[in-house]
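K.L.:
After the structure tokens below, expect a handful of questions from me.
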Amino acid sequence: MLFECVLATFAFALCTSARAVPNPVEVFKRAHTAGTVINKCSKPGVLALAYDDGPYQYTSSLVDTLDAAGVKGTFFLTGTLYGCIYNQQAAVKKAFDSGHQIASHTWTHPHMGSMSAAQIQSEMEKVEQAFVNIIGKKPQYMRPPYLETGGQFLSVMKTMNYTVITDDVDAGDWNNQTPQQSEQKFQQAGAAGNGHIPLMHETYQGTVTTLTQWLISWAKTNNLQIVTVGTYSPGSSRMSLND
């Protein structure tokens with residue numbers, strides 16, 4: 001019991017101070033193109049399910065939905081947007097252990113385009129350390145909040161060896177679009193051409209339940225393989241499910 005209290009106190013301190021500390025933990029193998037912006041997969045016949053802004057109350061059920069369908073998704077996670085990531089570490093570890101791709105969405109979800117290089121690096125290092133503490137590894141992919149890539153952002157991402165992911169289909173869930181309206185956007189984009197990387201958020205129940213189930217069916221109908229962002233992104237030589 002005392003040990004658990006110590007761990008809880010330590011986790012709370014990490015969320016409040018969020019100091020990145022050096023560590024020898026293995027980093028995800030980074031066979032990818034650092035500092036570049038990718039908005040689509042590098043080949044046709046695939047669909048990359050990607051979710052922003054977690055971990056959240058729906059993370060675990062989203063993992064269950066994807067696992068039940070036999071597909072893998074990418075989770076762009078923050079440190080403090082909807083509470084401290086350490087309070088949802090079981091869900092984060094569940095997603096990782098199930099073979100889903102864990103990626104960065106920064107520590108506090110700030111406007112990175114207007115930040116200094118030191119501030120940008122600090123944002124990334126804080127959430128990196130959380131990933132190290134929870135799953136023992138750091139990610140190689142990230143999606144910037146608000147999809148902002150201006151200022152010093154890209155040069156810092158190149159230095160830190162991150163590939164930057166944006167999107168080519170915006171589900172619009174953040175803008176009060178219903179799952180049915182989001183479905184229309186995918187139908188309009190079509191299944192041809194290089195695979196879509198959508199902008200979706202796991203913080204909306206309609207996205208987690210209705211839209212995700214529809215996308216799984218839509219992919220099957222159109223003979224699309226559902227993949228993680230890291231599986232077929234330009235410059236990546238890896239095909240593993242957990243880049």
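Residue numbering restarts at 1 in every chain; chains get A, B, ... in the order shown in the structure tokens, and ligands count up from 1 in that same order.
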Using backbone DSSP assignments, extract all strand (DSSP E) residues from region 41-183 of chain A; output them as an NGL selection string.

P.N.:
:A and (41-44 or 46-48 or 50-54 or 74-77 or 101-104 or 141-142 or 163-165 or 169-170)

K.L.:
Would you pick out the contacts of Met157 (chain A) at 12 Å or less, using only C-alpha atoms, so that residues sharing its chain but fewer than 2 positions from it are not included, and give the list as a PyMOL selection string?

P.N.:
chain A and resi 33-37+104+106+112-113+117-118+120-125+140-144+149-155+159-165

K.L.:
Those same residues, written as a PDB file, in the first residue's frame with C-alpha atoms?

P.N.:
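Produced file result35.pdb, reproduced below:
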```pdb
ATOM      1  CA  THR A  33      11.917  10.920 -42.564  1.00  0.00           C
ATOM      2  CA  ALA A  34      12.402  13.340 -39.684  1.00  0.00           C
ATOM      3  CA  GLY A  35      11.143  16.900 -39.853  1.00  0.00           C
ATOM      4  CA  THR A  36       8.885  16.341 -42.841  1.00  0.00           C
ATOM      5  CA  VAL A  37       5.102  16.718 -42.966  1.00  0.00           C
ATOM      6  CA  SER A 104       2.895  12.201 -29.571  1.00  0.00           C
ATOM      7  CA  THR A 106       2.544  17.177 -27.154  1.00  0.00           C
ATOM      8  CA  MET A 112       3.482  25.283 -31.402  1.00  0.00           C
ATOM      9  CA  GLY A 113       3.883  27.696 -34.325  1.00  0.00           C
ATOM     10  CA  ALA A 117      12.574  26.238 -30.074  1.00  0.00           C
ATOM     11  CA  ALA A 118      13.251  25.601 -26.384  1.00  0.00           C
ATOM     12  CA  ILE A 120       8.726  23.269 -28.387  1.00  0.00           C
ATOM     13  CA  GLN A 121      11.444  20.868 -27.303  1.00  0.00           C
ATOM     14  CA  SER A 122      10.223  21.009 -23.716  1.00  0.00           C
ATOM     15  CA  GLU A 123       6.671  20.147 -24.802  1.00  0.00           C
ATOM     16  CA  MET A 124       7.923  17.103 -26.650  1.00  0.00           C
ATOM     17  CA  GLU A 125      10.351  15.939 -23.971  1.00  0.00           C
ATOM     18  CA  GLN A 140       8.856   8.527 -33.587  1.00  0.00           C
ATOM     19  CA  TYR A 141       5.707  10.126 -34.982  1.00  0.00           C
ATOM     20  CA  MET A 142       3.755  13.158 -33.797  1.00  0.00           C
ATOM     21  CA  ARG A 143       0.823  15.304 -34.847  1.00  0.00           C
ATOM     22  CA  PRO A 144       0.949  19.004 -33.954  1.00  0.00           C
ATOM     23  CA  THR A 149       3.674  23.600 -38.476  1.00  0.00           C
ATOM     24  CA  GLY A 150       4.972  27.168 -38.731  1.00  0.00           C
ATOM     25  CA  GLY A 151       7.716  29.061 -36.935  1.00  0.00           C
ATOM     26  CA  GLN A 152      10.546  26.928 -35.571  1.00  0.00           C
ATOM     27  CA  PHE A 153       8.423  23.841 -35.218  1.00  0.00           C
ATOM     28  CA  LEU A 154       9.658  21.755 -38.159  1.00  0.00           C
ATOM     29  CA  SER A 155      13.328  22.476 -37.526  1.00  0.00           C
ATOM     30  CA  THR A 159      16.481  17.832 -34.688  1.00  0.00           C
ATOM     31  CA  MET A 160      14.432  15.595 -32.408  1.00  0.00           C
ATOM     32  CA  ASN A 161      14.023  13.021 -35.199  1.00  0.00           C
ATOM     33  CA  TYR A 162      10.228  13.147 -35.419  1.00  0.00           C
ATOM     34  CA  THR A 163       8.075  12.614 -38.490  1.00  0.00           C
ATOM     35  CA  VAL A 164       5.165  15.054 -38.488  1.00  0.00           C
ATOM     36  CA  ILE A 165       1.700  13.796 -39.416  1.00  0.00           C
TER      37      ILE A 165
END
```

K.L.:
Kindly give the distance, in Å, that separates CA of Ala91 (chain A) and CA of Phe131 (chain A), rounded to a single decimal.

P.N.:
12.3 Å

K.L.:
Of the residues A:Ala171, A:Val132, A:Val63, A:Cys84, which is the one nearest to His201 (chain A), using only C-alpha atoms?

P.N.:
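Under the stated criterion, the closest residue is A:Ala171.
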
K.L.:
As a ChimeraX atom specification, which residues of region 18-162 of chain A does DSSP assign to helix (DSSP H, G or I)?

P.N.:
/A:59-69,85-97,112-114,117-135,145-147,153-159

K.L.:
Would you list the contacts of Lys220 (chain A) as a list in words, taking every protein, DNA or RNA residue within 12 Å and counting only C-alpha atoms, but skipping same-chain residues closer than 4 positions in sequence?

P.N.:
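Residues near the query, excluding close chain neighbours: Gly45, Val46, Leu47, Ala69, Gly70, Val71, Ala191, Gln213, Trp214, Leu215, Ile216, Leu224, Gln225 and Ile226 of chain A.
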
K.L.:
Would you mind exporting N, CA and C atoms of the selected residues as an mmCIF file, in the first residue's frame?

P.N.:
```
data_model
loop_
_atom_site.group_PDB
_atom_site.id
_atom_site.type_symbol
_atom_site.label_atom_id
_atom_site.label_comp_id
_atom_site.auth_asym_id
_atom_site.auth_seq_id
_atom_site.Cartn_x
_atom_site.Cartn_y
_atom_site.Cartn_z
ATOM 1 N N GLY A 45 -4.750 1.587 -51.399
ATOM 2 C CA GLY A 45 -5.297 0.367 -50.850
ATOM 3 C C GLY A 45 -5.233 0.257 -49.348
ATOM 4 N N VAL A 46 -4.954 1.387 -48.660
ATOM 5 C CA VAL A 46 -4.867 1.356 -47.204
ATOM 6 C C VAL A 46 -5.633 2.540 -46.611
ATOM 7 N N LEU A 47 -5.911 2.451 -45.328
ATOM 8 C CA LEU A 47 -6.550 3.520 -44.563
ATOM 9 C C LEU A 47 -5.936 3.518 -43.176
ATOM 10 N N ALA A 69 -12.257 -5.962 -34.264
ATOM 11 C CA ALA A 69 -12.295 -5.964 -35.722
ATOM 12 C C ALA A 69 -10.989 -6.477 -36.328
ATOM 13 N N GLY A 70 -9.991 -6.705 -35.483
ATOM 14 C CA GLY A 70 -8.708 -7.196 -35.974
ATOM 15 C C GLY A 70 -7.896 -6.148 -36.699
ATOM 16 N N VAL A 71 -8.050 -4.877 -36.326
ATOM 17 C CA VAL A 71 -7.314 -3.796 -36.980
ATOM 18 C C VAL A 71 -6.542 -2.999 -35.933
ATOM 19 N N ALA A 191 -12.108 6.101 -52.070
ATOM 20 C CA ALA A 191 -11.170 5.073 -51.632
ATOM 21 C C ALA A 191 -9.974 4.925 -52.562
ATOM 22 N N GLN A 213 -16.762 2.285 -36.325
ATOM 23 C CA GLN A 213 -17.388 1.077 -36.861
ATOM 24 C C GLN A 213 -17.720 1.247 -38.337
ATOM 25 N N TRP A 214 -18.189 2.427 -38.708
ATOM 26 C CA TRP A 214 -18.505 2.681 -40.117
ATOM 27 C C TRP A 214 -17.234 2.638 -40.973
ATOM 28 N N LEU A 215 -16.151 3.229 -40.490
ATOM 29 C CA LEU A 215 -14.899 3.235 -41.247
ATOM 30 C C LEU A 215 -14.343 1.830 -41.440
ATOM 31 N N ILE A 216 -14.491 1.010 -40.431
ATOM 32 C CA ILE A 216 -14.040 -0.384 -40.551
ATOM 33 C C ILE A 216 -14.832 -1.091 -41.650
ATOM 34 N N LEU A 224 -9.853 -1.981 -48.551
ATOM 35 C CA LEU A 224 -8.759 -1.210 -47.979
ATOM 36 C C LEU A 224 -8.228 -1.908 -46.739
ATOM 37 N N GLN A 225 -6.922 -1.983 -46.631
ATOM 38 C CA GLN A 225 -6.294 -2.526 -45.433
ATOM 39 C C GLN A 225 -6.148 -1.411 -44.406
ATOM 40 N N ILE A 226 -6.640 -1.613 -43.205
ATOM 41 C CA ILE A 226 -6.489 -0.622 -42.149
ATOM 42 C C ILE A 226 -5.121 -0.787 -41.501
#
```

K.L.:
Which of these, A:Ile102, A:Ile85, A:Ala90, A:Ala192, has the shortest distance to Ala130 (chain A) once you count only C-alpha atoms?

P.N.:
A:Ile85

K.L.:
Excluding Asp67 (chain A) and its own-chain neighbours fewer than 3 positions away, which residues fall within 12 Å of it when counting only C-alpha atoms? Please give them as a PyMOL selection string.

P.N.:
chain A and resi 60-64+70-73+94-100+212-213+216+226

K.L.:
With N, CA and C atoms retained, write the just-selected residues as a PDB file, in the first residue's frame.

P.N.:
```pdb
ATOM      1  N   SER A  60      -9.968   3.057 -23.726  1.00  0.00           N
ATOM      2  CA  SER A  60     -10.014   1.612 -23.543  1.00  0.00           C
ATOM      3  C   SER A  60     -11.074   0.959 -24.426  1.00  0.00           C
ATOM      4  N   SER A  61     -12.251   1.563 -24.513  1.00  0.00           N
ATOM      5  CA  SER A  61     -13.312   0.984 -25.350  1.00  0.00           C
ATOM      6  C   SER A  61     -12.959   1.087 -26.833  1.00  0.00           C
ATOM      7  N   LEU A  62     -12.234   2.133 -27.222  1.00  0.00           N
ATOM      8  CA  LEU A  62     -11.789   2.255 -28.610  1.00  0.00           C
ATOM      9  C   LEU A  62     -10.802   1.138 -28.942  1.00  0.00           C
ATOM     10  N   VAL A  63      -9.903   0.848 -28.029  1.00  0.00           N
ATOM     11  CA  VAL A  63      -8.972  -0.268 -28.224  1.00  0.00           C
ATOM     12  C   VAL A  63      -9.751  -1.565 -28.393  1.00  0.00           C
ATOM     13  N   ASP A  64     -10.771  -1.766 -27.581  1.00  0.00           N
ATOM     14  CA  ASP A  64     -11.586  -2.977 -27.672  1.00  0.00           C
ATOM     15  C   ASP A  64     -12.273  -3.086 -29.032  1.00  0.00           C
ATOM     16  N   GLY A  70      -9.991  -6.705 -35.483  1.00  0.00           N
ATOM     17  CA  GLY A  70      -8.708  -7.196 -35.974  1.00  0.00           C
ATOM     18  C   GLY A  70      -7.896  -6.148 -36.699  1.00  0.00           C
ATOM     19  N   VAL A  71      -8.050  -4.877 -36.326  1.00  0.00           N
ATOM     20  CA  VAL A  71      -7.314  -3.796 -36.980  1.00  0.00           C
ATOM     21  C   VAL A  71      -6.542  -2.999 -35.933  1.00  0.00           C
ATOM     22  N   LYS A  72      -5.569  -2.213 -36.422  1.00  0.00           N
ATOM     23  CA  LYS A  72      -4.740  -1.408 -35.533  1.00  0.00           C
ATOM     24  C   LYS A  72      -4.872   0.064 -35.885  1.00  0.00           C
ATOM     25  N   GLY A  73      -4.830   0.907 -34.853  1.00  0.00           N
ATOM     26  CA  GLY A  73      -4.928   2.344 -35.056  1.00  0.00           C
ATOM     27  C   GLY A  73      -3.735   3.067 -34.473  1.00  0.00           C
ATOM     28  N   LYS A  94      -2.609  -0.464 -22.359  1.00  0.00           N
ATOM     29  CA  LYS A  94      -3.483  -1.414 -23.045  1.00  0.00           C
ATOM     30  C   LYS A  94      -3.397  -1.232 -24.555  1.00  0.00           C
ATOM     31  N   ALA A  95      -3.429   0.009 -25.014  1.00  0.00           N
ATOM     32  CA  ALA A  95      -3.321   0.280 -26.451  1.00  0.00           C
ATOM     33  C   ALA A  95      -1.975  -0.192 -26.990  1.00  0.00           C
ATOM     34  N   PHE A  96      -0.917   0.117 -26.260  1.00  0.00           N
ATOM     35  CA  PHE A  96       0.425  -0.293 -26.682  1.00  0.00           C
ATOM     36  C   PHE A  96       0.576  -1.812 -26.706  1.00  0.00           C
ATOM     37  N   ASP A  97       0.145  -2.456 -25.643  1.00  0.00           N
ATOM     38  CA  ASP A  97       0.273  -3.909 -25.541  1.00  0.00           C
ATOM     39  C   ASP A  97      -0.579  -4.640 -26.578  1.00  0.00           C
ATOM     40  N   SER A  98      -1.632  -3.982 -27.049  1.00  0.00           N
ATOM     41  CA  SER A  98      -2.492  -4.583 -28.067  1.00  0.00           C
ATOM     42  C   SER A  98      -1.947  -4.379 -29.480  1.00  0.00           C
ATOM     43  N   GLY A  99      -0.813  -3.682 -29.586  1.00  0.00           N
ATOM     44  CA  GLY A  99      -0.171  -3.522 -30.887  1.00  0.00           C
ATOM     45  C   GLY A  99      -0.528  -2.267 -31.637  1.00  0.00           C
ATOM     46  N   HIS A 100      -1.208  -1.340 -30.983  1.00  0.00           N
ATOM     47  CA  HIS A 100      -1.543  -0.080 -31.641  1.00  0.00           C
ATOM     48  C   HIS A 100      -0.356   0.872 -31.571  1.00  0.00           C
ATOM     49  N   THR A 212     -16.084   5.038 -36.115  1.00  0.00           N
ATOM     50  CA  THR A 212     -15.045   4.005 -36.213  1.00  0.00           C
ATOM     51  C   THR A 212     -15.609   2.711 -36.796  1.00  0.00           C
ATOM     52  N   GLN A 213     -16.762   2.285 -36.325  1.00  0.00           N
ATOM     53  CA  GLN A 213     -17.388   1.077 -36.861  1.00  0.00           C
ATOM     54  C   GLN A 213     -17.720   1.247 -38.337  1.00  0.00           C
ATOM     55  N   ILE A 216     -14.491   1.010 -40.431  1.00  0.00           N
ATOM     56  CA  ILE A 216     -14.040  -0.384 -40.551  1.00  0.00           C
ATOM     57  C   ILE A 216     -14.832  -1.091 -41.650  1.00  0.00           C
ATOM     58  N   ILE A 226      -6.640  -1.613 -43.205  1.00  0.00           N
ATOM     59  CA  ILE A 226      -6.489  -0.622 -42.149  1.00  0.00           C
ATOM     60  C   ILE A 226      -5.121  -0.787 -41.501  1.00  0.00           C
TER      61      ILE A 226
END
```

K.L.:
Which residues of region 76-108 of chain A sit at most 8 Å from region 49-52 of chain A, using only C-alpha atoms? Give each one's shortest atom pair and distance in Å (one decimal place), in chain and ascending residue order, as a tab-separated table.

P.N.:
```
residue	atom	partner	partner_atom	distance
A:Phe76	CA	A:Asp52	CA	4.8
A:Leu77	CA	A:Asp52	CA	6.3
A:His105	CA	A:Asp52	CA	7.1
```

K.L.:
Since we have the selection now, will you write its residues out, keeping N, CA and C atoms, as a PDB file, in the first residue's frame?

P.N.:
```
ATOM      1  N   PHE A  76      -2.589   9.496 -31.069  1.00  0.00           N
ATOM      2  CA  PHE A  76      -1.775  10.688 -30.826  1.00  0.00           C
ATOM      3  C   PHE A  76      -2.165  11.237 -29.451  1.00  0.00           C
ATOM      4  N   LEU A  77      -1.314  11.007 -28.463  1.00  0.00           N
ATOM      5  CA  LEU A  77      -1.665  11.261 -27.071  1.00  0.00           C
ATOM      6  C   LEU A  77      -0.995  12.515 -26.512  1.00  0.00           C
ATOM      7  N   HIS A 105       1.251  13.905 -29.217  1.00  0.00           N
ATOM      8  CA  HIS A 105       0.414  15.060 -29.556  1.00  0.00           C
ATOM      9  C   HIS A 105       0.737  16.211 -28.603  1.00  0.00           C
TER      10      HIS A 105
END
```

K.L.:
With only C-alpha atoms as the basis for distance, which of A:Ser182, A:Gln188, A:Asn194, A:Thr108 is at the shortest distance from Asp170 (chain A)?

P.N.:
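Of the candidates, the smallest distance to Asp170 (chain A) is held by A:Ser182.
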
K.L.:
Measure the distance from CA of Thr59 (chain A) to CA of Val92 (chain A) in Å and round it to one decimal.

P.N.:
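Interatomic distance here is 7.8 Å.
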